[in-house]
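In what follows, a structure is listed as structure tokens, so that the remarks can point back to it.
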Amino acid sequence: MWVVRELLRLLVRIAFAVAIAVAVAGVKVAIAGGDLTHTFKVTLFALAALMLLLATAGARGTAGNRRLDQSVDHAASFVMRIPGVPAITEGPTLTASAAFVGSAVVLLGLAIAV
């Protein structure tokens, strides 16, 4: 079940990225004029490059992220633990890097196809 949930979350994030690309291209064409398809293609390439850059920053193994996770886990398990409330176990989740890479691949595919 978690596979379907995470794939749906990925599709929503990809659709959101495409909607942002359409909005940015539409605003740019409305303000400065020009060809919509060319502007859309450039916007798709630019957003795909940005998403690939963000994918490298979203790694779970970075030192800052480990430090943050450690303090949050420590506080949640030792200080704020409520007796009788089970720990959250919702299954594996999609990492931020995977969502950014998936969105970038789709945006690059759309840019090439347009």
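By convention in this document, the chains of the structure tokens carry letters A, B, ... by their order, each chain's residues are numbered from 1, and ligands are numbered from 1 in the order they are shown.
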
Q.
Which residues are near Ala55 in chain A? Cut-off 8 Å, only C-alpha atoms, ignore same chain within fewer than 4 positions. Put them as a ChimeraX atom specification.
A. /A:51,59,96-101

Can I get the selection written as an mmCIF file, in the first residue's frame, with N, CA, C and O atoms?
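Output below, filename out08.cif:
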```cif
data_model
loop_
_atom_site.group_PDB
_atom_site.id
_atom_site.type_symbol
_atom_site.label_atom_id
_atom_site.label_comp_id
_atom_site.auth_asym_id
_atom_site.auth_seq_id
_atom_site.Cartn_x
_atom_site.Cartn_y
_atom_site.Cartn_z
ATOM 1 N N MET A 51 15.800 21.687 -10.116
ATOM 2 C CA MET A 51 15.391 20.485 -9.371
ATOM 3 C C MET A 51 16.562 19.531 -9.170
ATOM 4 O O MET A 51 16.685 18.912 -8.113
ATOM 5 N N ALA A 59 19.745 15.358 0.370
ATOM 6 C CA ALA A 59 20.213 14.035 0.783
ATOM 7 C C ALA A 59 20.038 13.850 2.292
ATOM 8 O O ALA A 59 20.289 14.756 3.073
ATOM 9 N N ALA A 96 13.336 13.322 -0.509
ATOM 10 C CA ALA A 96 13.249 14.574 -1.260
ATOM 11 C C ALA A 96 14.083 14.489 -2.534
ATOM 12 O O ALA A 96 13.676 14.992 -3.585
ATOM 13 N N SER A 97 15.229 13.833 -2.456
ATOM 14 C CA SER A 97 16.083 13.695 -3.643
ATOM 15 C C SER A 97 15.374 12.928 -4.751
ATOM 16 O O SER A 97 15.455 13.295 -5.920
ATOM 17 N N ALA A 98 14.675 11.869 -4.391
ATOM 18 C CA ALA A 98 13.958 11.081 -5.396
ATOM 19 C C ALA A 98 12.841 11.892 -6.037
ATOM 20 O O ALA A 98 12.617 11.810 -7.253
ATOM 21 N N ALA A 99 12.148 12.680 -5.234
ATOM 22 C CA ALA A 99 11.084 13.517 -5.794
ATOM 23 C C ALA A 99 11.648 14.573 -6.739
ATOM 24 O O ALA A 99 11.094 14.811 -7.820
ATOM 25 N N PHE A 100 12.766 15.195 -6.361
ATOM 26 C CA PHE A 100 13.369 16.203 -7.227
ATOM 27 C C PHE A 100 13.919 15.589 -8.506
ATOM 28 O O PHE A 100 13.757 16.156 -9.588
ATOM 29 N N VAL A 101 14.566 14.439 -8.402
ATOM 30 C CA VAL A 101 15.110 13.793 -9.606
ATOM 31 C C VAL A 101 13.981 13.334 -10.518
ATOM 32 O O VAL A 101 14.038 13.505 -11.740
#
```

Q) Quick one, how far is CA of Ala111 in chain A from CA of Thr37 in chain A? A)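 Between these atoms lies a distance of 9.5 Å.
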
(Q) Using only C-alpha atoms, which protein or nucleic acid residues come within 10 Å of His38 in chain A? Drop anything in the same chain fewer than 6 positions from it, and give the result as a ChimeraX atom specification. (A) /A:25,29,44,111,114
